[in-house]
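Listing of model-v7.cif, mmCIF, C-alpha atoms
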```
data_input
#
loop_
_atom_site.group_PDB
_atom_site.id
_atom_site.type_symbol
_atom_site.label_atom_id
_atom_site.label_comp_id
_atom_site.auth_asym_id
_atom_site.auth_seq_id
_atom_site.Cartn_x
_atom_site.Cartn_y
_atom_site.Cartn_z
ATOM 1 C CA MET A 1 -4.392 15.343 35.361
ATOM 2 C CA PRO A 2 -8.138 14.767 35.895
ATOM 3 C CA ASN A 3 -7.885 14.021 39.622
ATOM 4 C CA ALA A 4 -5.314 16.633 40.472
ATOM 5 C CA GLN A 5 -6.311 19.244 43.007
ATOM 6 C CA LYS A 6 -6.659 22.781 41.659
ATOM 7 C CA ARG A 7 -4.453 25.280 43.476
ATOM 8 C CA PRO A 8 -3.591 28.923 42.775
ATOM 9 C CA PRO A 9 -0.931 29.469 40.067
ATOM 10 C CA LEU A 10 2.536 30.233 41.380
ATOM 11 C CA LEU A 11 4.338 31.253 38.194
ATOM 12 C CA LYS A 12 3.350 33.383 35.244
ATOM 13 C CA ALA A 13 5.416 31.481 32.698
ATOM 14 C CA GLN A 14 4.215 28.253 31.100
ATOM 15 C CA HIS A 15 7.778 26.915 30.841
ATOM 16 C CA LEU A 16 11.008 27.157 32.825
ATOM 17 C CA LEU A 17 13.689 27.888 30.254
ATOM 18 C CA ALA A 18 15.915 30.373 32.071
ATOM 19 C CA VAL A 19 16.198 32.264 35.329
ATOM 20 C CA SER A 20 14.906 35.313 33.469
ATOM 21 C CA ASP A 21 11.529 33.514 33.305
ATOM 22 C CA LEU A 22 11.250 34.050 37.067
ATOM 23 C CA SER A 23 10.487 37.364 38.736
ATOM 24 C CA VAL A 24 12.026 38.553 42.000
ATOM 25 C CA SER A 25 8.747 37.762 43.756
ATOM 26 C CA GLU A 26 8.375 34.283 42.208
ATOM 27 C CA ILE A 27 11.792 32.948 43.219
ATOM 28 C CA PRO A 28 11.154 32.996 47.011
ATOM 29 C CA LEU A 29 7.736 31.387 46.461
ATOM 30 C CA LEU A 30 9.361 28.596 44.485
ATOM 31 C CA LEU A 31 12.074 28.152 47.144
ATOM 32 C CA ASP A 32 9.417 28.061 49.893
ATOM 33 C CA LEU A 33 7.572 25.325 48.012
ATOM 34 C CA ALA A 34 10.829 23.411 47.549
ATOM 35 C CA ASP A 35 11.510 23.768 51.272
ATOM 36 C CA SER A 36 8.225 22.006 51.986
ATOM 37 C CA TYR A 37 9.246 19.165 49.675
ATOM 38 C CA VAL A 38 12.523 18.742 51.566
ATOM 39 C CA GLU A 39 10.431 17.774 54.571
ATOM 40 C CA VAL A 40 8.247 15.452 52.469
ATOM 41 C CA ASN A 41 11.342 13.713 51.132
ATOM 42 C CA ARG A 42 12.698 13.123 54.630
ATOM 43 C CA ASN A 43 9.561 11.244 55.656
ATOM 44 C CA ALA A 44 9.311 7.479 55.456
ATOM 45 C CA GLU A 45 6.439 7.938 52.970
ATOM 46 C CA LYS A 46 7.856 10.200 50.259
ATOM 47 C CA ARG A 47 5.043 10.202 47.736
ATOM 48 C CA HIS A 48 2.928 13.309 47.491
ATOM 49 C CA MET A 49 0.301 12.479 44.913
ATOM 50 C CA ILE A 50 -0.465 15.803 43.306
ATOM 51 C CA LEU A 51 0.224 14.780 39.695
ATOM 52 C CA PRO A 52 -1.855 11.619 39.193
ATOM 53 C CA GLY A 53 -2.314 10.904 35.516
ATOM 54 C CA ALA A 54 0.412 13.358 34.461
ATOM 55 C CA THR A 55 3.158 12.267 32.057
ATOM 56 C CA GLN A 56 6.728 13.548 32.241
ATOM 57 C CA VAL A 57 9.232 12.768 29.483
ATOM 58 C CA ASN A 58 12.927 13.263 30.180
ATOM 59 C CA LEU A 59 14.620 13.950 26.835
ATOM 60 C CA PHE A 60 18.353 14.038 27.538
ATOM 61 C CA PHE A 61 20.759 14.417 24.614
ATOM 62 C CA GLU A 62 23.718 14.665 26.988
ATOM 63 C CA ASN A 63 24.678 12.132 29.627
ATOM 64 C CA SER A 64 23.649 13.220 33.100
ATOM 65 C CA THR A 65 23.282 10.774 35.955
ATOM 66 C CA ARG A 66 22.621 13.421 38.583
ATOM 67 C CA THR A 67 20.134 15.720 36.845
ATOM 68 C CA GLN A 68 18.176 13.028 35.017
ATOM 69 C CA SER A 69 17.766 10.820 38.084
ATOM 70 C CA SER A 70 16.793 13.865 40.142
ATOM 71 C CA PHE A 71 14.017 14.789 37.699
ATOM 72 C CA GLU A 72 12.903 11.150 37.511
ATOM 73 C CA ILE A 73 12.638 10.816 41.277
ATOM 74 C CA ALA A 74 10.892 14.188 41.544
ATOM 75 C CA GLY A 75 8.224 13.232 39.011
ATOM 76 C CA LYS A 76 7.593 9.806 40.515
ATOM 77 C CA ARG A 77 7.296 11.188 44.047
ATOM 78 C CA LEU A 78 4.556 13.488 42.787
ATOM 79 C CA GLY A 79 2.701 10.578 41.220
ATOM 80 C CA ALA A 80 3.485 11.310 37.560
ATOM 81 C CA ASP A 81 4.267 8.672 34.943
ATOM 82 C CA VAL A 82 7.912 9.275 34.014
ATOM 83 C CA MET A 83 9.615 8.116 30.830
ATOM 84 C CA ASN A 84 13.351 8.494 30.177
ATOM 85 C CA MET A 85 14.060 8.708 26.448
ATOM 86 C CA ALA A 86 17.117 6.675 25.485
ATOM 87 C CA VAL A 87 18.372 9.054 22.805
ATOM 88 C CA SER A 88 21.207 6.796 21.701
ATOM 89 C CA THR A 89 18.667 4.122 20.678
ATOM 90 C CA SER A 90 15.896 6.463 19.520
ATOM 91 C CA SER A 91 15.029 7.668 16.026
ATOM 92 C CA ILE A 92 17.589 10.442 16.532
ATOM 93 C CA SER A 93 20.236 7.804 15.847
ATOM 94 C CA LYS A 94 18.449 7.112 12.511
ATOM 95 C CA GLY A 95 18.677 10.726 11.413
ATOM 96 C CA GLU A 96 15.485 12.210 12.845
ATOM 97 C CA THR A 97 15.829 15.833 13.924
ATOM 98 C CA VAL A 98 15.499 16.979 17.514
ATOM 99 C CA LEU A 99 12.408 18.954 16.531
ATOM 100 C CA ASP A 100 10.726 15.973 14.885
ATOM 101 C CA THR A 101 11.461 13.823 17.917
ATOM 102 C CA ALA A 102 9.952 16.437 20.238
ATOM 103 C CA MET A 103 6.883 16.834 18.013
ATOM 104 C CA THR A 104 6.384 13.060 17.988
ATOM 105 C CA ILE A 105 6.550 12.938 21.770
ATOM 106 C CA ASN A 106 4.217 15.928 21.985
ATOM 107 C CA ALA A 107 1.616 14.058 19.952
ATOM 108 C CA MET A 108 1.476 11.543 22.815
ATOM 109 C CA GLN A 109 0.119 14.335 25.044
ATOM 110 C CA PRO A 110 2.730 14.552 27.812
ATOM 111 C CA ASN A 111 2.390 17.257 30.462
ATOM 112 C CA PHE A 112 6.106 17.943 30.872
ATOM 113 C CA LEU A 113 9.114 17.709 28.573
ATOM 114 C CA VAL A 114 12.423 17.932 30.457
ATOM 115 C CA VAL A 115 15.150 18.748 27.931
ATOM 116 C CA ARG A 116 18.917 18.644 28.155
ATOM 117 C CA HIS A 117 20.920 19.391 25.017
ATOM 118 C CA GLN A 118 24.449 20.371 24.101
ATOM 119 C CA SER A 119 23.263 23.342 22.024
ATOM 120 C CA SER A 120 22.184 26.618 23.596
ATOM 121 C CA GLY A 121 18.594 27.547 22.836
ATOM 122 C CA THR A 122 17.260 24.043 22.159
ATOM 123 C CA ALA A 123 14.834 24.077 25.072
ATOM 124 C CA GLU A 124 13.437 27.442 24.015
ATOM 125 C CA LEU A 125 13.043 26.276 20.410
ATOM 126 C CA LEU A 126 11.121 23.191 21.498
ATOM 127 C CA SER A 127 8.915 25.243 23.796
ATOM 128 C CA GLN A 128 7.679 27.147 20.737
ATOM 129 C CA LYS A 129 6.640 23.926 18.997
ATOM 130 C CA VAL A 130 5.037 21.748 21.672
ATOM 131 C CA SER A 131 1.899 22.162 23.765
ATOM 132 C CA CYS A 132 3.288 20.804 27.039
ATOM 133 C CA ALA A 133 5.448 22.584 29.620
ATOM 134 C CA VAL A 134 9.167 22.520 28.775
ATOM 135 C CA ILE A 135 11.792 22.530 31.527
ATOM 136 C CA ASN A 136 15.364 23.355 30.588
ATOM 137 C CA ALA A 137 17.632 20.803 32.256
ATOM 138 C CA GLY A 138 20.743 22.440 30.792
ATOM 139 C CA ASP A 139 21.331 23.756 27.269
ATOM 140 C CA GLY A 140 24.839 24.238 25.925
ATOM 141 C CA GLN A 141 26.617 27.133 27.599
ATOM 142 C CA HIS A 142 23.349 28.992 28.138
ATOM 143 C CA GLU A 143 21.457 28.128 31.330
ATOM 144 C CA HIS A 144 20.600 25.476 33.894
ATOM 145 C CA PRO A 145 17.817 27.147 35.916
ATOM 146 C CA THR A 146 16.935 24.297 38.287
ATOM 147 C CA GLN A 147 20.598 23.999 39.295
ATOM 148 C CA ALA A 148 20.602 27.688 40.241
ATOM 149 C CA LEU A 149 17.389 27.225 42.210
ATOM 150 C CA LEU A 150 18.753 24.257 44.141
ATOM 151 C CA ASP A 151 21.957 26.165 44.862
ATOM 152 C CA ALA A 152 19.907 29.126 46.103
ATOM 153 C CA LEU A 153 17.805 26.841 48.295
ATOM 154 C CA THR A 154 20.945 25.287 49.795
ATOM 155 C CA ILE A 155 22.424 28.706 50.557
ATOM 156 C CA ARG A 156 19.170 30.111 51.941
ATOM 157 C CA ARG A 157 18.704 27.172 54.313
ATOM 158 C CA HIS A 158 22.108 27.949 55.835
ATOM 159 C CA TYR A 159 22.043 31.743 55.889
ATOM 160 C CA GLY A 160 18.299 32.402 55.952
ATOM 161 C CA GLN A 161 18.578 34.794 53.010
ATOM 162 C CA LEU A 162 20.446 35.507 49.785
ATOM 163 C CA GLU A 163 20.526 39.277 49.932
ATOM 164 C CA GLY A 164 23.863 40.750 50.969
ATOM 165 C CA LEU A 165 25.851 37.517 50.775
ATOM 166 C CA GLU A 166 29.268 37.408 49.127
ATOM 167 C CA VAL A 167 29.363 34.518 46.645
ATOM 168 C CA ALA A 168 32.532 33.520 44.780
ATOM 169 C CA ILE A 169 32.018 31.393 41.632
ATOM 170 C CA CYS A 170 35.362 29.874 40.694
ATOM 171 C CA GLY A 171 36.741 27.973 37.734
ATOM 172 C CA ASP A 172 35.551 27.319 34.213
ATOM 173 C CA VAL A 173 33.054 30.166 33.932
ATOM 174 C CA PHE A 174 33.452 30.288 30.149
ATOM 175 C CA HIS A 175 31.805 26.919 29.477
ATOM 176 C CA SER A 176 29.444 26.899 32.469
ATOM 177 C CA ARG A 177 25.675 27.234 32.134
ATOM 178 C CA VAL A 178 25.552 26.705 35.898
ATOM 179 C CA ALA A 179 27.604 29.865 36.406
ATOM 180 C CA ARG A 180 25.344 31.913 34.136
ATOM 181 C CA SER A 181 22.130 30.798 35.833
ATOM 182 C CA ASN A 182 23.603 31.343 39.290
ATOM 183 C CA ILE A 183 24.885 34.799 38.399
ATOM 184 C CA HIS A 184 21.443 35.807 37.098
ATOM 185 C CA LEU A 185 19.559 34.406 40.087
ATOM 186 C CA LEU A 186 21.897 35.492 42.873
ATOM 187 C CA THR A 187 22.367 39.051 41.616
ATOM 188 C CA LYS A 188 18.610 39.311 41.034
ATOM 189 C CA MET A 189 18.076 38.365 44.691
ATOM 190 C CA GLY A 190 20.602 40.874 46.027
ATOM 191 C CA ALA A 191 23.726 38.760 46.548
ATOM 192 C CA HIS A 192 27.117 40.134 45.542
ATOM 193 C CA VAL A 193 28.755 37.759 43.075
ATOM 194 C CA ARG A 194 32.409 37.487 42.151
ATOM 195 C CA VAL A 195 33.849 35.232 39.475
ATOM 196 C CA VAL A 196 37.362 33.864 39.856
ATOM 197 C CA ALA A 197 39.139 32.294 36.890
ATOM 198 C CA PRO A 198 42.079 32.639 34.541
ATOM 199 C CA SER A 199 41.436 35.003 31.630
ATOM 200 C CA THR A 200 41.112 32.064 29.227
ATOM 201 C CA LEU A 201 38.116 30.726 31.172
ATOM 202 C CA LEU A 202 36.194 33.987 31.409
ATOM 203 C CA PRO A 203 33.692 34.879 28.662
ATOM 204 C CA SER A 204 34.087 38.255 27.025
ATOM 205 C CA GLY A 205 31.864 40.879 28.590
ATOM 206 C CA ILE A 206 31.559 39.007 31.895
ATOM 207 C CA GLY A 207 31.755 42.357 33.684
ATOM 208 C CA ASN A 208 28.415 43.273 32.102
ATOM 209 C CA PHE A 209 26.767 40.502 34.128
ATOM 210 C CA GLY A 210 27.017 42.668 37.253
ATOM 211 C CA VAL A 211 29.788 40.630 38.845
ATOM 212 C CA GLU A 212 33.213 41.429 40.236
ATOM 213 C CA VAL A 213 35.996 39.745 38.276
ATOM 214 C CA HIS A 214 39.128 38.264 39.869
ATOM 215 C CA ARG A 215 41.968 36.315 38.366
ATOM 216 C CA ASN A 216 43.514 34.988 41.554
ATOM 217 C CA MET A 217 41.932 32.974 44.342
ATOM 218 C CA LYS A 218 43.277 35.013 47.243
ATOM 219 C CA ASP A 219 41.496 38.201 46.168
ATOM 220 C CA GLY A 220 38.429 36.424 44.834
ATOM 221 C CA LEU A 221 37.750 34.393 47.960
ATOM 222 C CA ALA A 222 38.544 37.124 50.503
ATOM 223 C CA GLY A 223 35.657 37.209 52.985
ATOM 224 C CA ALA A 224 33.345 35.106 50.782
ATOM 225 C CA ASP A 225 30.299 33.528 52.458
ATOM 226 C CA VAL A 226 29.955 30.934 49.701
ATOM 227 C CA VAL A 227 32.627 29.364 47.502
ATOM 228 C CA MET A 228 31.054 27.724 44.461
ATOM 229 C CA MET A 229 33.509 25.636 42.446
ATOM 230 C CA LEU A 230 32.931 24.727 38.795
ATOM 231 C CA ARG A 231 34.026 21.663 36.890
ATOM 232 C CA LEU A 232 36.765 22.103 34.308
ATOM 233 C CA GLN A 233 34.744 21.102 31.218
ATOM 234 C CA LEU A 234 37.454 19.536 29.095
ATOM 235 C CA GLU A 235 34.878 17.911 26.784
ATOM 236 C CA ARG A 236 33.703 21.352 25.625
ATOM 237 C CA MET A 237 37.178 22.697 24.947
ATOM 238 C CA SER A 238 38.655 22.872 21.485
ATOM 239 C CA GLY A 239 42.192 24.064 21.895
ATOM 240 C CA THR A 240 44.172 24.839 25.017
ATOM 241 C CA PHE A 241 42.485 26.828 27.780
ATOM 242 C CA VAL A 242 44.879 25.895 30.610
ATOM 243 C CA PRO A 243 48.553 24.903 30.439
ATOM 244 C CA SER A 244 47.922 21.657 32.336
ATOM 245 C CA GLN A 245 45.512 20.255 34.896
ATOM 246 C CA ARG A 246 48.358 20.151 37.407
ATOM 247 C CA GLU A 247 49.093 23.858 36.976
ATOM 248 C CA TYR A 248 45.370 24.686 37.027
ATOM 249 C CA TYR A 249 45.007 22.873 40.337
ATOM 250 C CA HIS A 250 48.001 24.750 41.730
ATOM 251 C CA PHE A 251 46.476 28.154 41.015
ATOM 252 C CA TYR A 252 42.700 27.526 40.985
ATOM 253 C CA GLY A 253 42.041 24.209 42.724
ATOM 254 C CA LEU A 254 40.267 24.723 46.056
ATOM 255 C CA THR A 255 42.455 23.432 48.873
ATOM 256 C CA GLU A 256 42.124 23.836 52.634
ATOM 257 C CA GLU A 257 44.770 26.553 52.465
ATOM 258 C CA LYS A 258 42.897 28.591 49.821
ATOM 259 C CA LEU A 259 39.567 28.098 51.587
ATOM 260 C CA LYS A 260 40.964 30.028 54.558
ATOM 261 C CA TYR A 261 40.783 33.198 52.419
ATOM 262 C CA GLY A 262 37.000 32.993 52.687
ATOM 263 C CA ARG A 263 34.905 33.842 55.723
ATOM 264 C CA PRO A 264 35.237 31.263 58.546
ATOM 265 C CA GLY A 265 32.653 28.541 57.935
ATOM 266 C CA ALA A 266 32.050 29.595 54.332
ATOM 267 C CA LEU A 267 29.950 27.084 52.407
ATOM 268 C CA VAL A 268 31.731 24.992 49.778
ATOM 269 C CA MET A 269 29.565 24.069 46.783
ATOM 270 C CA HIS A 270 30.034 22.170 43.529
ATOM 271 C CA PRO A 271 27.355 21.236 40.955
ATOM 272 C CA GLY A 272 29.081 17.927 40.205
ATOM 273 C CA PRO A 273 30.448 15.752 38.902
ATOM 274 C CA MET A 274 33.685 16.725 40.621
ATOM 275 C CA ASN A 275 37.169 16.381 39.257
ATOM 276 C CA ARG A 276 38.991 15.759 42.516
ATOM 277 C CA GLY A 277 42.538 17.021 42.429
ATOM 278 C CA VAL A 278 41.714 19.302 39.483
ATOM 279 C CA GLU A 279 39.226 21.934 40.691
ATOM 280 C CA ILE A 280 38.819 20.748 44.277
ATOM 281 C CA ASP A 281 40.815 18.778 46.818
ATOM 282 C CA SER A 282 39.149 15.751 48.399
ATOM 283 C CA SER A 283 39.775 17.090 51.914
ATOM 284 C CA VAL A 284 37.647 20.143 51.036
ATOM 285 C CA ALA A 285 35.024 18.278 49.013
ATOM 286 C CA ASP A 286 34.423 15.929 51.946
ATOM 287 C CA GLY A 287 35.172 18.491 54.660
ATOM 288 C CA ALA A 288 32.986 20.090 57.310
ATOM 289 C CA GLN A 289 32.201 23.155 55.193
ATOM 290 C CA SER A 290 31.089 21.172 52.155
ATOM 291 C CA VAL A 291 27.364 21.140 51.298
ATOM 292 C CA ILE A 292 27.835 19.270 48.033
ATOM 293 C CA ARG A 293 25.738 16.270 49.094
ATOM 294 C CA GLU A 294 23.075 18.610 50.426
ATOM 295 C CA GLN A 295 22.888 20.244 46.993
ATOM 296 C CA VAL A 296 21.918 16.868 45.545
ATOM 297 C CA GLU A 297 19.130 16.485 48.103
ATOM 298 C CA MET A 298 17.862 19.995 47.392
ATOM 299 C CA GLY A 299 17.833 19.158 43.690
ATOM 300 C CA VAL A 300 14.992 16.660 44.062
ATOM 301 C CA ALA A 301 12.942 19.076 46.177
ATOM 302 C CA VAL A 302 13.450 21.958 43.736
ATOM 303 C CA ARG A 303 12.436 19.845 40.757
ATOM 304 C CA MET A 304 9.315 18.684 42.604
ATOM 305 C CA ALA A 305 8.502 22.341 43.247
ATOM 306 C CA VAL A 306 9.023 23.274 39.597
ATOM 307 C CA LEU A 307 6.805 20.426 38.363
ATOM 308 C CA ASP A 308 4.167 21.339 40.940
ATOM 309 C CA ALA A 309 4.269 25.034 40.010
ATOM 310 C CA LEU A 310 4.060 24.452 36.263
ATOM 311 C CA SER A 311 1.231 21.956 36.710
ATOM 312 C CA ARG A 312 -0.806 24.614 38.525
ATOM 313 C CA ASN A 313 -0.596 26.790 35.413
ATOM 314 C CA GLN A 314 -1.791 23.917 33.256
ATOM 315 C CA ARG A 315 -4.741 23.184 35.539
ATOM 316 C CA SER A 316 -5.697 26.851 35.734
ATOM 317 C CA GLN A 317 -5.890 26.965 31.922
ATOM 318 C CA ALA A 318 -7.827 23.699 31.602
#
```
Taking this structure as input, can you express it in the form of C-alpha cells?
Amino acid sequence: MPNAQKRPPLLKAQHLLAVSDLSVSEIPLLLDLADSYVEVNRNAEKRHMILPGATQVNLFFENSTRTQSSFEIAGKRLGADVMNMAVSTSSISKGETVLDTAMTINAMQPNFLVVRHQSSGTAELLSQKVSCAVINAGDGQHEHPTQALLDALTIRRHYGQLEGLEVAICGDVFHSRVARSNIHLLTKMGAHVRVVAPSTLLPSGIGNFGVEVHRNMKDGLAGADVVMMLRLQLERMSGTFVPSQREYYHFYGLTEEKLKYGRPGALVMHPGPMNRGVEIDSSVADGAQSVIREQVEMGVAVRMAVLDALSRNQRSQA
C-alpha cells in the first residue's frame, strides 16, 4: 500500500479471529469508524480510496452469498484489489491441503486473507502461518466476529448504546457461531443476554457464558429490547435435534403473537439466510420492527472498518 495515508493504529491485534481479540475500548472505536462508512456508502460516490495497491483474497470453503459479497464490496469501495477464490475449482479439489493453499496465496503477498471454513480454528491456524492479516469470516461452530460487530452497530444506531439492553438470542444456539460471537461481544459491552432454545439446541455449559437460559419463548422474550433469531442449521445436524420443523415453528418460531412478549418496538434481527415459516414468520421478518435488511447494510460498513483498522497496523509496522 505505497500510496496509502498513514493514520494512527486502532487495534492492537494483527488479525481479527474472534471477539476476544478486541478490547472493551477498541469495540466502540471500531463501531464509530463503521458508522462513518455508513455515511460514505449512502453517498452517490461510494469509493473511499484508502487501500490503493492493497490485495484482499476471499478464501471461502463454505457457500456464503451474503458474507462473501459484503467483504468483496467493502474491499473494492476502499480501493483494494479483491480476488474471490473459487475453492470448488481450486487445487483443494485436487487434494491440496487448506494450509498449502493458504501458503501459496501468501507467497503472492496479499494484505488480507478473509477465511470462512466449516472447521473451528481454521482461521487461527492460518494466521500462524501467513504474513498477511487474517479475518475470520466464520469458522465452524466457533466465531463470526464481523457478524457480531454489524449486529452491535445495528443495535447501537437504534438505542444509542449497548450497555443495559436486554437481548434475547433464540433458536439453534448449539450450532451457531453467530450466537457465540454475539454473546461474547454484547456481554463484554454490558448488555444482558438471554438464550432461548430447546435443550437439544443448547450447548453444554452455556450458563458459563454469562447468559440467562430459557427454554420457552414467553419467558425468554419478556421485556426484551432486541430479539435475535437464529437459523435452524439442518446441514450441521447429524441425528435428530427437533421432532419436526412444524413443531419447532410452533414452539420457537417468531410470530407476531410471540413478539408481543418483548418490549414494545423491540428490534427483530436475523443473520440470514432466513428459513421463513421455520424460525421466523414472514409477517415479522418483513414487519415494522424488523432491521434485518439494515443488518446487511451495516455489514459492508463494518467490514470496511475492519479492513481499514487492520491496514493501519500494517502501515505502522512498515
For Pro198 in chain A, which residue out of A:Gly287, A:Gly164, A:Gly253, A:Gly210 is the nearest one, using all atoms listed in the file? A:Gly253
Around the point (14.0, 30.8, 27.6) in the file's coordinates, collect all residues with an atom within 6 Å, using all atoms listed in the file, and return them as a ChimeraX atom specification. /A:17-18,124
Would you kindly return, as a PyMOL selection string, each protein, DNA or RNA residue with an atom no farther than 9 Å from any atom of Val167 in chain A, considering all atoms listed in the file and excluding same-chain residues fewer than 6 positions away? chain A and resi 186+191-195+221+224-228
I need the residue set behind the PyMOL selection byres ((chain A and resi 130) around 12) for this file; please write it as a CSV table (one decimal) with C-alpha atoms, in the coordinates of the input.
```
chain,number,residue,atom,x,y,z
A,14,GLN,CA,4.2,28.3,31.1
A,15,HIS,CA,7.8,26.9,30.8
A,99,LEU,CA,12.4,19.0,16.5
A,100,ASP,CA,10.7,16.0,14.9
A,101,THR,CA,11.5,13.8,17.9
A,102,ALA,CA,10.0,16.4,20.2
A,103,MET,CA,6.9,16.8,18.0
A,104,THR,CA,6.4,13.1,18.0
A,105,ILE,CA,6.6,12.9,21.8
A,106,ASN,CA,4.2,15.9,22.0
A,107,ALA,CA,1.6,14.1,20.0
A,108,MET,CA,1.5,11.5,22.8
A,109,GLN,CA,0.1,14.3,25.0
A,110,PRO,CA,2.7,14.6,27.8
A,111,ASN,CA,2.4,17.3,30.5
A,112,PHE,CA,6.1,17.9,30.9
A,113,LEU,CA,9.1,17.7,28.6
A,123,ALA,CA,14.8,24.1,25.1
A,124,GLU,CA,13.4,27.4,24.0
A,125,LEU,CA,13.0,26.3,20.4
A,126,LEU,CA,11.1,23.2,21.5
A,127,SER,CA,8.9,25.2,23.8
A,128,GLN,CA,7.7,27.1,20.7
A,129,LYS,CA,6.6,23.9,19.0
A,131,SER,CA,1.9,22.2,23.8
A,132,CYS,CA,3.3,20.8,27.0
A,133,ALA,CA,5.4,22.6,29.6
A,134,VAL,CA,9.2,22.5,28.8
A,135,ILE,CA,11.8,22.5,31.5
```
Of the listed residues A:Leu307, A:Met83, A:Ile206, A:Leu16, that which approaches Ala137 in chain A most closely, counting all atoms listed in the file: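 Of the candidates, the smallest distance to Ala137 in chain A is held by A:Leu16.
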If we count all atoms listed in the file and set the cut-off at 10 Å, which residues sit around Lys12 in chain A, ignoring sequence neighbours fewer than 6 positions away in its own chain? Please answer as a list in words.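 Contacts, in chain order: Asp21, Leu22, Ser23, Glu26, Ala309, Leu310 and Asn313 of chain A.
Interatomic distance, CA of Leu29 in chain A against CA of Thr154 in chain A: 14.9 Å.
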Residues returned when the PyMOL selection byres ((chain A and resi 182) around 9) runs on this file, as a PyMOL selection string: chain A and resi 19+143-145+147-149+151-152+169+177-181+183-187
